[in-house]
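Coordinates as given in start_15.txt (compact mmCIF, C-alpha atoms):
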```
# COMPACT_ATOMS: atom_id res chain seq x y z
CA MET F 1 0.00 0.00 0.00
CA PRO F 2 1.29 3.51 -0.80
CA GLU F 3 2.27 5.74 2.13
CA LYS F 4 -0.54 7.85 3.56
CA PHE F 5 -0.20 11.30 5.14
CA ASP F 6 -2.43 13.26 7.46
CA VAL F 7 -2.34 16.20 5.04
CA ILE F 8 -0.94 16.95 1.61
CA VAL F 9 -0.29 20.62 0.83
CA VAL F 10 -0.04 21.51 -2.86
CA GLY F 11 2.17 24.60 -3.22
CA ALA F 12 5.01 26.13 -1.19
CA GLY F 13 4.10 29.81 -1.24
CA PRO F 14 3.14 31.73 1.94
CA ALA F 15 -0.29 30.06 2.20
CA GLY F 16 0.91 26.50 1.64
CA THR F 17 3.92 26.75 3.90
CA SER F 18 1.92 28.40 6.69
CA CYS F 19 -0.46 25.45 6.58
CA ALA F 20 2.27 22.79 6.31
CA TYR F 21 4.36 24.34 9.10
CA THR F 22 1.42 24.68 11.50
CA CYS F 23 0.20 21.13 10.86
CA ALA F 24 3.69 19.64 11.35
CA LYS F 25 4.26 21.66 14.51
CA HIS F 26 1.16 19.98 15.94
CA GLY F 27 2.45 16.53 15.15
CA LEU F 28 0.68 15.78 11.87
CA LYS F 29 2.37 13.87 9.07
CA VAL F 30 2.68 16.40 6.23
CA LEU F 31 3.66 16.15 2.57
CA GLN F 32 4.23 19.43 0.72
CA ILE F 33 4.46 19.42 -3.07
CA GLU F 34 6.09 22.25 -5.01
CA ARG F 35 6.22 22.40 -8.80
CA GLY F 36 9.20 24.78 -8.91
CA GLU F 37 12.85 23.95 -8.57
CA TYR F 38 12.60 25.37 -5.04
CA PRO F 39 9.98 27.34 -3.07
CA GLY F 40 9.75 30.86 -4.47
CA SER F 41 11.19 30.04 -7.89
CA LYS F 42 7.77 30.35 -9.58
CA ASN F 43 6.35 33.19 -7.51
CA VAL F 44 6.40 36.96 -7.56
CA MET F 45 5.21 39.23 -4.77
CA GLY F 46 5.15 43.01 -4.71
CA GLY F 47 7.87 42.80 -2.12
CA VAL F 48 6.10 43.58 1.18
CA LEU F 49 5.72 41.14 4.06
CA TYR F 50 3.47 42.12 6.96
CA ARG F 51 4.75 41.34 10.44
CA LYS F 52 1.53 40.57 12.34
CA GLN F 53 0.36 37.51 10.41
CA MET F 54 3.85 36.02 10.07
CA GLU F 55 4.57 36.52 13.76
CA GLU F 56 1.47 34.51 14.65
CA ILE F 57 3.13 31.56 12.92
CA ILE F 58 6.80 32.08 13.88
CA PRO F 59 7.28 34.52 16.79
CA GLU F 60 10.10 37.04 16.30
CA PHE F 61 10.79 35.64 12.83
CA TRP F 62 12.58 38.86 11.86
CA LYS F 63 15.58 37.84 13.96
CA GLU F 64 16.49 35.07 11.49
CA ALA F 65 14.38 35.41 8.32
CA PRO F 66 16.07 36.76 5.13
CA LEU F 67 14.35 40.15 5.09
CA GLU F 68 15.42 43.28 3.22
CA ARG F 69 14.38 46.49 5.01
CA PRO F 70 11.76 47.37 7.66
CA VAL F 71 9.40 49.83 5.93
CA ILE F 72 9.26 53.18 7.73
CA GLU F 73 7.54 55.16 4.96
CA GLN F 74 4.60 54.48 2.68
CA ARG F 75 4.05 56.97 -0.13
CA PHE F 76 1.19 57.27 -2.59
CA TRP F 77 1.58 59.02 -5.91
CA MET F 78 -1.26 60.33 -8.06
CA MET F 79 0.77 60.63 -11.22
CA ASP F 80 0.26 62.61 -14.41
CA LYS F 81 2.63 62.73 -17.39
CA GLU F 82 5.05 65.25 -15.86
CA SER F 83 3.94 65.59 -12.25
CA THR F 84 2.66 63.78 -9.20
CA VAL F 85 0.53 64.62 -6.20
CA THR F 86 2.11 62.83 -3.23
CA PHE F 87 0.86 61.89 0.21
CA GLY F 88 1.79 59.21 2.71
CA TYR F 89 3.14 58.46 6.16
CA LYS F 90 6.65 58.14 7.59
CA GLY F 91 7.02 56.83 11.12
CA LEU F 92 10.28 55.97 12.84
CA GLU F 93 8.35 53.68 15.22
CA TRP F 94 8.02 51.27 12.29
CA GLY F 95 11.82 50.98 12.21
CA VAL F 96 12.12 49.31 15.62
CA GLU F 97 10.82 46.01 16.99
CA PRO F 98 8.26 44.63 16.51
CA TYR F 99 8.09 46.56 13.19
CA ASN F 100 5.08 46.89 10.88
CA ASN F 101 6.19 45.36 7.58
CA PHE F 102 9.28 44.55 5.56
CA THR F 103 10.42 44.47 1.98
CA VAL F 104 11.49 40.98 0.91
CA LEU F 105 12.86 39.09 -2.05
CA ARG F 106 10.51 36.20 -2.55
CA ALA F 107 12.93 33.40 -3.50
CA PRO F 108 15.17 33.51 -0.39
CA PHE F 109 12.25 34.16 1.94
CA ASP F 110 10.10 31.30 0.61
CA GLN F 111 13.04 28.91 0.81
CA TRP F 112 13.74 29.91 4.41
CA PHE F 113 10.08 29.59 5.40
CA ALA F 114 9.72 26.18 3.74
CA GLN F 115 12.91 25.00 5.48
CA LYS F 116 11.36 25.94 8.83
CA GLY F 117 8.53 23.57 7.94
CA VAL F 118 11.01 20.84 7.04
CA GLU F 119 12.67 21.31 10.44
CA GLU F 120 9.27 20.64 12.02
CA GLY F 121 8.88 17.43 10.03
CA VAL F 122 7.31 18.46 6.70
CA LEU F 123 8.33 16.24 3.78
CA LEU F 124 8.94 18.80 0.99
CA ILE F 125 9.11 17.48 -2.57
CA ASN F 126 10.18 20.02 -5.24
CA GLU F 127 9.90 19.83 -9.04
CA THR F 128 6.69 17.85 -8.78
CA VAL F 129 3.42 18.73 -10.50
CA ALA F 130 0.10 17.80 -8.90
CA LEU F 131 -1.97 16.73 -11.92
CA GLU F 132 -5.31 16.14 -10.24
CA CYS F 133 -7.00 15.29 -6.99
CA ILE F 134 -7.85 11.63 -6.42
CA VAL F 135 -11.55 11.45 -5.57
CA GLU F 136 -13.32 8.41 -4.19
CA ASN F 137 -17.01 8.33 -3.27
CA GLY F 138 -17.19 12.12 -3.45
CA LYS F 139 -14.22 12.65 -1.11
CA VAL F 140 -10.72 13.85 -1.99
CA ILE F 141 -8.33 11.17 -0.74
CA GLY F 142 -5.05 12.19 -2.37
CA VAL F 143 -3.19 13.70 -5.29
CA ARG F 144 -1.92 12.28 -8.58
CA THR F 145 1.52 13.69 -9.48
CA ASP F 146 3.72 13.56 -12.58
CA ARG F 147 6.25 11.26 -10.88
CA PRO F 148 6.40 7.51 -11.58
CA ASP F 149 4.00 5.76 -9.21
CA GLY F 150 3.11 9.29 -8.23
CA ASP F 151 -0.21 8.78 -6.43
CA VAL F 152 -0.05 9.98 -2.82
CA TYR F 153 -2.83 9.81 -0.24
CA ALA F 154 -3.97 11.82 2.77
CA ASP F 155 -6.95 12.50 5.00
CA VAL F 156 -7.00 16.11 3.76
CA VAL F 157 -5.54 17.85 0.70
CA VAL F 158 -4.93 21.61 0.96
CA LEU F 159 -4.82 23.45 -2.36
CA ALA F 160 -2.34 26.32 -2.25
CA ASP F 161 -1.44 26.14 -5.92
CA GLY F 162 -1.98 29.79 -6.83
CA VAL F 163 -4.41 31.93 -8.78
CA ASN F 164 -4.83 29.47 -11.63
CA SER F 165 -5.67 26.53 -9.37
CA LEU F 166 -6.26 23.69 -11.82
CA LEU F 167 -7.09 21.30 -9.00
CA ALA F 168 -9.84 23.53 -7.61
CA LYS F 169 -11.27 23.86 -11.13
CA GLN F 170 -11.18 20.09 -11.58
CA LEU F 171 -13.23 19.73 -8.40
CA GLY F 172 -15.75 22.26 -9.70
CA PHE F 173 -15.03 24.76 -6.92
CA HIS F 174 -14.74 27.58 -9.42
CA LYS F 175 -14.90 28.21 -13.15
CA GLU F 176 -12.29 29.93 -15.29
CA PHE F 177 -11.86 33.40 -13.86
CA ARG F 178 -12.99 36.30 -16.03
CA PRO F 179 -10.40 38.82 -17.34
CA ASP F 180 -11.71 41.42 -14.86
CA GLU F 181 -11.06 39.06 -11.93
CA VAL F 182 -7.30 38.76 -12.41
CA ALA F 183 -4.47 41.23 -12.95
CA LEU F 184 -1.26 40.69 -14.85
CA THR F 185 1.66 42.23 -13.01
CA VAL F 186 5.20 42.54 -14.31
CA MET F 187 8.05 43.28 -11.94
CA GLU F 188 11.75 43.94 -12.29
CA VAL F 189 14.46 43.77 -9.65
CA ILE F 190 17.05 46.48 -10.32
CA ASN F 191 20.37 46.36 -8.49
CA LEU F 192 21.30 49.69 -6.96
CA SER F 193 23.88 50.52 -4.31
CA LYS F 194 22.77 50.94 -0.72
CA GLU F 195 24.13 54.50 -0.70
CA LYS F 196 22.07 55.53 -3.74
CA ILE F 197 18.91 53.96 -2.32
CA ASN F 198 19.38 55.74 1.01
CA ASP F 199 20.01 59.08 -0.71
CA ARG F 200 17.22 58.90 -3.29
CA PHE F 201 14.53 57.62 -0.95
CA ASN F 202 15.67 59.60 2.11
CA VAL F 203 16.19 56.57 4.35
CA GLU F 204 19.06 55.04 6.34
CA ASP F 205 20.64 51.58 6.15
CA ASN F 206 17.94 49.61 7.96
CA GLN F 207 14.99 51.65 6.73
CA GLY F 208 12.75 51.04 3.71
CA CYS F 209 10.26 52.96 1.62
CA THR F 210 7.35 51.86 -0.52
CA ILE F 211 5.67 53.92 -3.24
CA GLU F 212 2.26 52.99 -4.67
CA ILE F 213 1.51 54.78 -7.94
CA PHE F 214 -1.83 55.48 -9.60
CA GLY F 215 -2.86 57.21 -12.82
CA ASP F 216 -0.33 57.63 -15.62
CA SER F 217 1.68 54.62 -14.41
CA THR F 218 -0.96 52.45 -16.11
CA LYS F 219 -1.78 55.05 -18.80
CA GLY F 220 -5.03 55.79 -17.00
CA ASN F 221 -6.25 52.18 -16.90
CA LEU F 222 -7.41 50.35 -13.78
CA GLY F 223 -4.30 49.17 -11.97
CA THR F 224 -1.34 50.28 -9.91
CA ALA F 225 2.43 50.46 -10.01
CA PHE F 226 4.91 50.20 -7.17
CA ILE F 227 8.51 50.85 -6.17
CA TYR F 228 9.94 49.09 -3.10
CA THR F 229 13.42 49.47 -1.63
CA ASN F 230 15.54 46.42 -0.77
CA LYS F 231 19.01 46.45 0.82
CA GLU F 232 20.86 46.86 -2.48
CA SER F 233 18.13 46.67 -5.09
CA VAL F 234 14.74 48.14 -5.95
CA ASN F 235 11.59 46.28 -6.93
CA ILE F 236 9.56 48.12 -9.57
CA GLY F 237 6.38 46.75 -11.07
CA VAL F 238 3.09 47.59 -12.70
CA GLY F 239 -0.13 45.69 -13.29
CA THR F 240 -3.64 46.10 -14.64
CA THR F 241 -6.61 43.81 -14.85
CA LEU F 242 -6.49 41.54 -17.87
CA SER F 243 -9.73 43.09 -19.09
CA SER F 244 -8.17 46.58 -19.04
CA MET F 245 -5.06 45.30 -20.75
CA ILE F 246 -7.08 43.66 -23.49
CA LYS F 247 -9.39 46.65 -23.94
CA ALA F 248 -6.52 49.16 -24.16
CA LYS F 249 -4.32 46.75 -26.17
CA LEU F 250 -1.50 47.11 -23.67
CA LYS F 251 1.61 44.93 -23.59
CA PRO F 252 2.82 44.38 -20.02
CA TYR F 253 6.52 44.81 -20.78
CA ASP F 254 5.79 48.06 -22.68
CA LEU F 255 3.90 49.32 -19.64
CA LEU F 256 6.87 48.57 -17.38
CA ASP F 257 9.28 50.32 -19.76
CA TYR F 258 6.92 53.31 -19.85
CA LEU F 259 6.93 53.46 -16.05
CA LYS F 260 10.71 53.11 -15.76
CA ASN F 261 11.21 56.02 -18.18
CA HIS F 262 8.61 58.28 -16.59
CA PRO F 263 10.28 61.58 -15.52
CA MET F 264 9.09 61.06 -11.92
CA VAL F 265 10.55 57.53 -11.76
CA LYS F 266 13.64 57.53 -13.96
CA PRO F 267 15.90 59.49 -11.56
CA LEU F 268 15.21 56.95 -8.80
CA LEU F 269 16.54 54.12 -10.98
CA ALA F 270 19.42 55.89 -12.72
CA GLY F 271 22.56 53.75 -12.88
CA GLY F 272 20.80 50.59 -11.78
CA GLU F 273 21.29 47.17 -13.38
CA SER F 274 18.42 44.81 -14.17
CA ALA F 275 18.78 41.59 -12.16
CA GLU F 276 15.47 39.78 -12.62
CA TYR F 277 12.24 40.11 -14.57
CA LEU F 278 9.03 38.39 -13.51
CA ALA F 279 5.40 38.26 -14.60
CA HIS F 280 2.54 36.86 -12.57
CA LEU F 281 -1.25 36.69 -12.47
CA ILE F 282 -2.78 38.11 -9.29
CA PRO F 283 -6.37 37.35 -8.21
CA GLU F 284 -8.28 40.61 -7.90
CA GLY F 285 -11.89 39.50 -8.12
CA GLY F 286 -12.29 40.08 -4.40
CA TYR F 287 -15.21 39.07 -2.23
CA ASN F 288 -17.59 38.11 -5.02
CA SER F 289 -14.99 35.85 -6.69
CA VAL F 290 -14.02 33.76 -3.66
CA PRO F 291 -14.78 30.14 -4.63
CA LYS F 292 -15.88 27.26 -2.46
CA VAL F 293 -13.07 26.82 0.06
CA ALA F 294 -14.01 23.59 1.88
CA GLY F 295 -15.13 20.19 0.66
CA ASN F 296 -14.94 16.55 1.64
CA GLY F 297 -11.24 16.05 2.38
CA VAL F 298 -10.10 19.29 0.76
CA LEU F 299 -9.48 22.98 1.57
CA VAL F 300 -8.48 25.95 -0.63
CA VAL F 301 -6.19 28.74 0.63
CA GLY F 302 -4.33 31.89 -0.47
CA ASP F 303 -4.37 33.00 -4.10
CA ALA F 304 -6.19 29.80 -5.08
CA ALA F 305 -9.11 31.14 -3.03
CA GLN F 306 -8.82 34.69 -4.50
CA LEU F 307 -7.73 36.08 -1.13
CA VAL F 308 -6.13 39.36 -2.25
CA ASN F 309 -7.10 42.89 -1.25
CA ALA F 310 -6.22 44.78 -4.43
CA ILE F 311 -7.09 48.18 -2.94
CA HIS F 312 -4.42 47.89 -0.23
CA ARG F 313 -2.15 45.50 -2.17
CA GLU F 314 -2.43 42.91 0.59
CA GLY F 315 -2.00 39.29 -0.39
CA SER F 316 0.85 37.57 1.43
CA ASN F 317 -0.62 38.36 4.85
CA MET F 318 -4.01 37.00 3.81
CA ALA F 319 -2.33 33.93 2.35
CA MET F 320 -0.47 33.18 5.58
CA SER F 321 -3.53 33.70 7.75
CA SER F 322 -5.69 31.49 5.54
CA GLY F 323 -3.01 28.76 5.59
CA LYS F 324 -2.86 28.89 9.38
CA MET F 325 -6.67 28.75 9.68
CA ALA F 326 -6.80 25.79 7.30
CA ALA F 327 -4.18 23.99 9.39
CA GLU F 328 -6.21 24.58 12.55
CA ALA F 329 -9.28 23.13 10.84
CA VAL F 330 -7.29 20.05 9.79
CA ILE F 331 -5.97 19.61 13.34
CA ARG F 332 -9.50 19.72 14.75
CA ALA F 333 -10.71 17.30 12.08
CA LYS F 334 -7.87 14.92 12.96
CA GLU F 335 -8.88 14.95 16.59
CA ARG F 336 -12.44 13.99 15.58
CA GLN F 337 -11.31 11.67 12.78
CA ASP F 338 -13.90 13.42 10.65
CA PHE F 339 -12.66 14.89 7.37
CA SER F 340 -16.05 15.62 5.82
CA GLU F 341 -17.02 18.99 4.43
CA ALA F 342 -19.15 19.62 7.53
CA SER F 343 -16.12 19.04 9.73
CA LEU F 344 -13.66 21.05 7.63
CA ASN F 345 -16.16 23.88 7.21
CA SER F 346 -14.78 25.35 10.44
CA TYR F 347 -12.07 26.77 8.16
CA ARG F 348 -14.67 28.60 6.09
CA GLU F 349 -16.32 29.95 9.23
CA ALA F 350 -12.99 31.16 10.61
CA LEU F 351 -12.12 32.73 7.25
CA TYR F 352 -15.39 34.64 6.98
CA ASN F 353 -15.10 35.87 10.58
CA SER F 354 -11.54 37.12 10.04
CA PHE F 355 -10.14 40.42 8.79
CA ILE F 356 -9.64 38.75 5.39
CA MET F 357 -13.26 38.41 4.36
CA LYS F 358 -14.34 41.50 6.27
CA ASP F 359 -11.87 43.61 4.29
CA LEU F 360 -12.76 41.91 1.01
CA GLU F 361 -16.45 42.50 1.73
CA LYS F 362 -15.75 46.19 2.45
CA TYR F 363 -14.19 46.64 -1.01
CA LYS F 364 -16.33 44.13 -2.92
CA ASP F 365 -17.57 46.74 -5.42
CA ALA F 366 -14.42 48.87 -5.71
CA ALA F 367 -12.62 47.19 -8.61
CA HIS F 368 -15.80 46.88 -10.67
CA THR F 369 -16.67 50.53 -10.03
CA PHE F 370 -13.24 51.91 -11.00
CA GLU F 371 -13.05 49.73 -14.11
CA HIS F 372 -16.59 50.48 -15.24
CA TYR F 373 -16.06 54.22 -14.72
CA PRO F 374 -12.54 54.89 -16.10
CA GLN F 375 -12.74 58.62 -15.43
CA TYR F 376 -11.29 58.12 -11.94
CA PHE F 377 -7.88 57.20 -13.37
CA LYS F 378 -8.07 58.87 -16.77
CA ASP F 379 -9.60 62.22 -15.80
CA TYR F 380 -9.50 62.91 -12.08
CA VAL F 381 -5.82 62.09 -11.47
CA PRO F 382 -4.66 64.57 -14.17
CA MET F 383 -7.20 67.10 -12.88
CA MET F 384 -5.78 66.72 -9.37
CA ASN F 385 -2.26 67.41 -10.68
CA LYS F 386 -3.38 70.46 -12.66
CA ALA F 387 -5.23 71.81 -9.64
CA ALA F 388 -2.18 71.36 -7.38
CA SER F 389 0.06 73.06 -9.95
CA LYS F 390 -2.29 75.99 -10.25
CA PHE F 391 -2.77 76.38 -6.50
CA PHE F 392 0.93 76.23 -5.61
CA THR F 393 2.13 78.43 -8.48
CA VAL F 394 2.83 81.89 -7.06
CA ASP F 395 1.61 84.32 -9.70
CA GLY F 396 0.03 87.12 -7.70
CA THR F 397 -3.48 85.62 -7.77
CA PRO F 398 -5.14 85.49 -4.31
CA LYS F 399 -5.52 81.95 -2.97
CA ARG F 400 -9.30 82.31 -2.61
CA GLU F 401 -9.55 83.24 -6.27
CA LYS F 402 -7.34 80.27 -7.18
CA GLN F 403 -9.73 77.97 -5.33
CA LYS F 404 -12.66 79.38 -7.28
CA GLN F 405 -10.80 78.99 -10.56
CA ILE F 406 -9.96 75.36 -9.77
CA MET F 407 -13.58 74.57 -8.89
CA ARG F 408 -14.84 76.30 -12.04
CA SER F 409 -12.33 74.32 -14.11
CA VAL F 410 -13.43 71.00 -12.61
CA THR F 411 -17.15 71.61 -12.80
CA SER F 412 -17.05 73.17 -16.28
CA GLU F 413 -15.16 70.17 -17.62
CA LYS F 414 -17.28 67.48 -15.97
CA GLY F 415 -20.39 69.29 -14.81
CA THR F 416 -21.25 69.91 -11.15
CA PHE F 417 -23.79 67.10 -10.92
CA LYS F 418 -21.40 64.67 -12.62
CA VAL F 419 -18.58 65.50 -10.20
CA ILE F 420 -20.85 65.03 -7.17
CA GLN F 421 -22.14 61.77 -8.61
CA ASP F 422 -18.59 60.48 -9.20
CA ILE F 423 -17.49 61.43 -5.69
CA TYR F 424 -20.49 59.68 -4.15
CA ARG F 425 -19.96 56.57 -6.28
CA ALA F 426 -16.30 56.32 -5.29
CA TRP F 427 -17.10 56.87 -1.61
CA LYS F 428 -19.76 54.18 -1.73
CA ALA F 429 -17.33 51.71 -3.31
CA VAL F 430 -14.71 52.05 -0.56
CA LYS F 431 -16.66 53.11 2.54
```
Written form, structure tokens:
Amino acid sequence: MPEKFDVIVVGAGPAGTSCAYTCAKHGLKVLQIERGEYPGSKNVMGGVLYRKQMEEIIPEFWKEAPLERPVIEQRFWMMDKESTVTFGYKGLEWGVEPYNNFTVLRAPFDQWFAQKGVEEGVLLINETVALECIVENGKVIGVRTDRPDGDVYADVVVLADGVNSLLAKQLGFHKEFRPDEVALTVMEVINLSKEKINDRFNVEDNQGCTIEIFGDSTKGNLGTAFIYTNKESVNIGVGTTLSSMIKAKLKPYDLLDYLKNHPMVKPLLAGGESAEYLAHLIPEGGYNSVPKVAGNGVLVVGDAAQLVNAIHREGSNMAMSSGKMAAEAVIRAKERQDFSEASLNSYREALYNSFIMKDLEKYKDAAHTFEHYPQYFKDYVPMMNKAASKFFTVDGTPKREKQKQIMRSVTSEKGTFKVIQDIYRAWKAVK
């Protein structure tokens, strides 16, 4: 008889490893399958890791994990073709323990995290593709892999195989996601000296900065761009929904080149050397796109469950929390020796009672609203820049008169009722 495990985890990203690590730490026999050469080799993350959710899994992880810089400043740019309106927050309290978040390079971090699971007893098998779930009498009992004699069995299979989860589709948990439910993001790692990073981003050696960019970074289409500082490199990336990309006939690598050569961005990267280029699909369907997450002998976590908050660019923290919650459900099921959907549904209940689903529910209409009404990115961001330029240009005009001129310009271009309607619609989408 083939060897049987308590749980098989498909995928070694943040969600899968959180689940595998937690299960193994509680004494369960765990097999983790990764299709890449090593954990992190097939993944791309914007570059930010949030402390709270990771610390719940490995306390004080920052003392040994391969992190880049603690983030002490978060900036937001509303960018036009030759200008940007900037706001954000810089807090030195984020630069001391226990920190708020960190920039990371995904490959070394994922390898370290997976190794922590191995130290707890996880059997990690790389370069192995899970072809399908093995189903018997309506219950998932294992996974068929591409290895010779590659059928492996378990009481529970946890699907952490990313946004395009073929196994979840095979089980009928979700259909092919629509183009407006996923974003294509391209990212480049650019090597830059520590001294240049510190000088250009106004930080010190153990301090990081993140910049989220809206507007002209995506040529007015629904999406965002980002710049994150590492120790001696910078992550820069840009993404839009597939539907926006198709509609505007955009090529992702052209969009990244456009961003890198933008006059607001180019000086930050000057003299840097390209080290790595990555492209990745990110689930952005939100609350209404979350598929079935629990079945007989199976759970779905992380990107495979569409657990990404596109508005705040949160994904890794949701992935780790969902993996931990799935592990806790498996542990309880093991104690009862009941691996039915009714038993494993405690994971779904925990998920929907957590910050993950509450945040996704809060923004459930945001992406649809901003894509359906493109004026927010195409019109209002440039208008904001023009208004700021006019207001801060010292030309002898009284400030009160400038305010009136700006309001007349906005309302004459869009109409007073239209502006009020757009403001209300946007507020309703994110309230």
> If you count only C-alpha atoms, which residues fall within 12 Å of Asn261 in chain F, apart from same-chain ones fewer than 3 positions away, as a list in words?
Replying inline: Lys81, Glu82, Asp216, Ser217, Ile236, Asp254, Leu255, Leu256, Asp257, Tyr258, Met264, Val265, Lys266, Pro267, Leu268, Leu269 and Ala270 of chain F
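The space between CA of Pro291 in chain F and CA of Ser343 in chain F spans 18.2 Å.
Excluding Tyr376 in chain F itself and same-chain residues fewer than 4 positions from it, the residues having an atom within 10 Å of it are F:Gly215, F:Gly220, F:Asn221, F:Leu222, F:Thr369, F:Phe370, F:Glu371, F:His372, F:Tyr380, F:Val381, F:Pro382, F:Met383, F:Asp422, F:Ile423, F:Ala426, counting only C-alpha atoms.
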>> Here's a test: counting all atoms listed in the file, identify every protein, DNA and RNA residue with an atom at most 7 Å from (4.3, 35.5, -0.7) in the file's coordinate frame, and state them as a PyMOL selection string.
In response: chain F and resi 13-14+45+106+316
> Quick one: residues within 8 Å of Glu212 in chain F, only C-alpha atoms counted, chain neighbours fewer than 3 positions away excluded, as an MDAnalysis selection string?
Replying inline: chainID F and resid 74:77 224:227
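Nearest residue to Gly315 in chain F among F:Val71, F:Lys175, F:Val135, F:Val163 is F:Val163, counting all atoms listed in the file.
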>> I'd like the interatomic distance between CA of Glu120 in chain F and CA of Glu34 in chain F, to a tenth of an Å.
In response: 17.4 Å
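If you look at CA of Asn235 in chain F and CA of Asn126 in chain F, they are 26.4 Å away from each other.
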Determine, counting all atoms listed in the file, every residue of protein, DNA or RNA that lies within 10 Å of (13.8, 40.2, -18.2) in the file coordinates, then give the result as a compact mmCIF listing (two decimals) with C-alpha atoms, in the frame of the given file.
```txt
# COMPACT_ATOMS: atom_id res chain seq x y z
CA VAL F 186 5.20 42.54 -14.31
CA MET F 187 8.05 43.28 -11.94
CA GLU F 188 11.75 43.94 -12.29
CA VAL F 189 14.46 43.77 -9.65
CA TYR F 253 6.52 44.81 -20.78
CA SER F 274 18.42 44.81 -14.17
CA ALA F 275 18.78 41.59 -12.16
CA GLU F 276 15.47 39.78 -12.62
CA TYR F 277 12.24 40.11 -14.57
CA LEU F 278 9.03 38.39 -13.51
CA ALA F 279 5.40 38.26 -14.60
```
> With distances taken over all atoms listed in the file, which of F:Val394, F:Leu250, F:Ala342, F:Ala305 is nearest to Ala168 in chain F?
Replying inline: F:Ala305
Give me, as a short mmCIF file (atom, residue, chain, number, x, y, z; two decimals) with C-alpha atoms, in the frame of the given file, all polymer residues having an atom no more than 8 Å from Glu273 in chain F, counting all atoms listed in the file and skipping those fewer than 2 positions away in the same chain.
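New file out00.cif:
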```
data_model
loop_
_atom_site.label_atom_id
_atom_site.label_comp_id
_atom_site.auth_asym_id
_atom_site.auth_seq_id
_atom_site.Cartn_x
_atom_site.Cartn_y
_atom_site.Cartn_z
CA ILE F 190 17.05 46.48 -10.32
CA ASN F 191 20.37 46.36 -8.49
CA LEU F 192 21.30 49.69 -6.96
CA GLY F 271 22.56 53.75 -12.88
CA ALA F 275 18.78 41.59 -12.16
#
```
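Compared by their closest atoms to Glu136 in chain F, and using all atoms listed in the file, the residues F:Gly239, F:Gly297, F:Pro283, F:Gly396 rank with F:Gly297 nearest.
Excluding Val430 in chain F and any residue on its chain fewer than 5 positions from it, the residues at most 12 Å away by all atoms listed in the file are Asn309, Ala310, Ile311, His312, Asp359, Leu360, Glu361, Lys362, Tyr363, Lys364, Asp365, Ala366, Ala367, His368, Thr369, Phe370, Ile423, Tyr424 and Arg425 of chain F.
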For range 310-386 of chain F versus range 139-160 of chain F, which residues have an atom no more than 10 Å away, and what is each residue's nearest atom pair and distance in Å rounded to one decimal, using all atoms listed in the file, chain-then-number order, as a tab-separated table?
```
residue	atom	partner	partner_atom	distance
F:Ala319	CA	F:Ala160	CA	8.9
F:Ser322	CA	F:Ala160	CA	9.9
F:Gly323	CA	F:Ala160	CA	8.2
F:Ala326	CA	F:Val158	CA	7.8
F:Ala327	CA	F:Val158	CA	8.8
F:Val330	CA	F:Val156	CA	7.2
F:Ala333	CA	F:Val156	CA	9.2
F:Lys334	CA	F:Asp155	CA	8.4
F:Gln337	CA	F:Asp155	CA	9.0
F:Asp338	CA	F:Asp155	CA	9.0
F:Phe339	CA	F:Asp155	CA	6.6
F:Ser340	CA	F:Lys139	CA	7.8
F:Glu341	CA	F:Lys139	CA	8.9
F:Leu344	CA	F:Val156	CA	9.2
```
>> From the options F:Lys414, F:Arg313, F:His26, F:Arg408, which residue's atoms come nearest to Arg332 in chain F, counting all atoms listed in the file?
In response: F:His26
> Between F:Lys116, F:Lys399, F:Lys404, F:Lys324, which is the closest to Ala350 in chain F once you count all atoms listed in the file?
Replying inline: F:Lys324
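Here the question is which of F:Thr22, F:Gly88, F:Gly285, F:Asn202 gets nearest to Ala114 in chain F using all atoms listed in the file, and that residue is F:Thr22.
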Complete the atoms of range 237-244 of chain F to N, CA and C atoms and put them out as an mmCIF file, in the frame of the given file.
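Wrote it out as part27.cif, contents follow:
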```cif
data_model
loop_
_atom_site.group_PDB
_atom_site.id
_atom_site.type_symbol
_atom_site.label_atom_id
_atom_site.label_comp_id
_atom_site.auth_asym_id
_atom_site.auth_seq_id
_atom_site.Cartn_x
_atom_site.Cartn_y
_atom_site.Cartn_z
ATOM 1 N N GLY F 237 7.340 47.563 -10.339
ATOM 2 C CA GLY F 237 6.380 46.750 -11.070
ATOM 3 C C GLY F 237 5.121 47.526 -11.389
ATOM 4 N N VAL F 238 4.339 46.958 -12.291
ATOM 5 C CA VAL F 238 3.090 47.590 -12.700
ATOM 6 C C VAL F 238 2.130 46.496 -13.154
ATOM 7 N N GLY F 239 0.850 46.689 -12.878
ATOM 8 C CA GLY F 239 -0.130 45.690 -13.290
ATOM 9 C C GLY F 239 -1.492 46.313 -13.522
ATOM 10 N N THR F 240 -2.244 45.718 -14.418
ATOM 11 C CA THR F 240 -3.640 46.100 -14.640
ATOM 12 C C THR F 240 -4.459 44.832 -14.748
ATOM 13 N N THR F 241 -5.762 44.964 -14.624
ATOM 14 C CA THR F 241 -6.610 43.810 -14.850
ATOM 15 C C THR F 241 -6.444 43.348 -16.300
ATOM 16 N N LEU F 242 -6.608 42.059 -16.512
ATOM 17 C CA LEU F 242 -6.490 41.540 -17.870
ATOM 18 C C LEU F 242 -7.513 42.196 -18.796
ATOM 19 N N SER F 243 -8.696 42.466 -18.265
ATOM 20 C CA SER F 243 -9.730 43.090 -19.090
ATOM 21 C C SER F 243 -9.297 44.480 -19.556
ATOM 22 N N SER F 244 -8.666 45.258 -18.654
ATOM 23 C CA SER F 244 -8.170 46.580 -19.040
ATOM 24 C C SER F 244 -7.047 46.467 -20.049
#
```
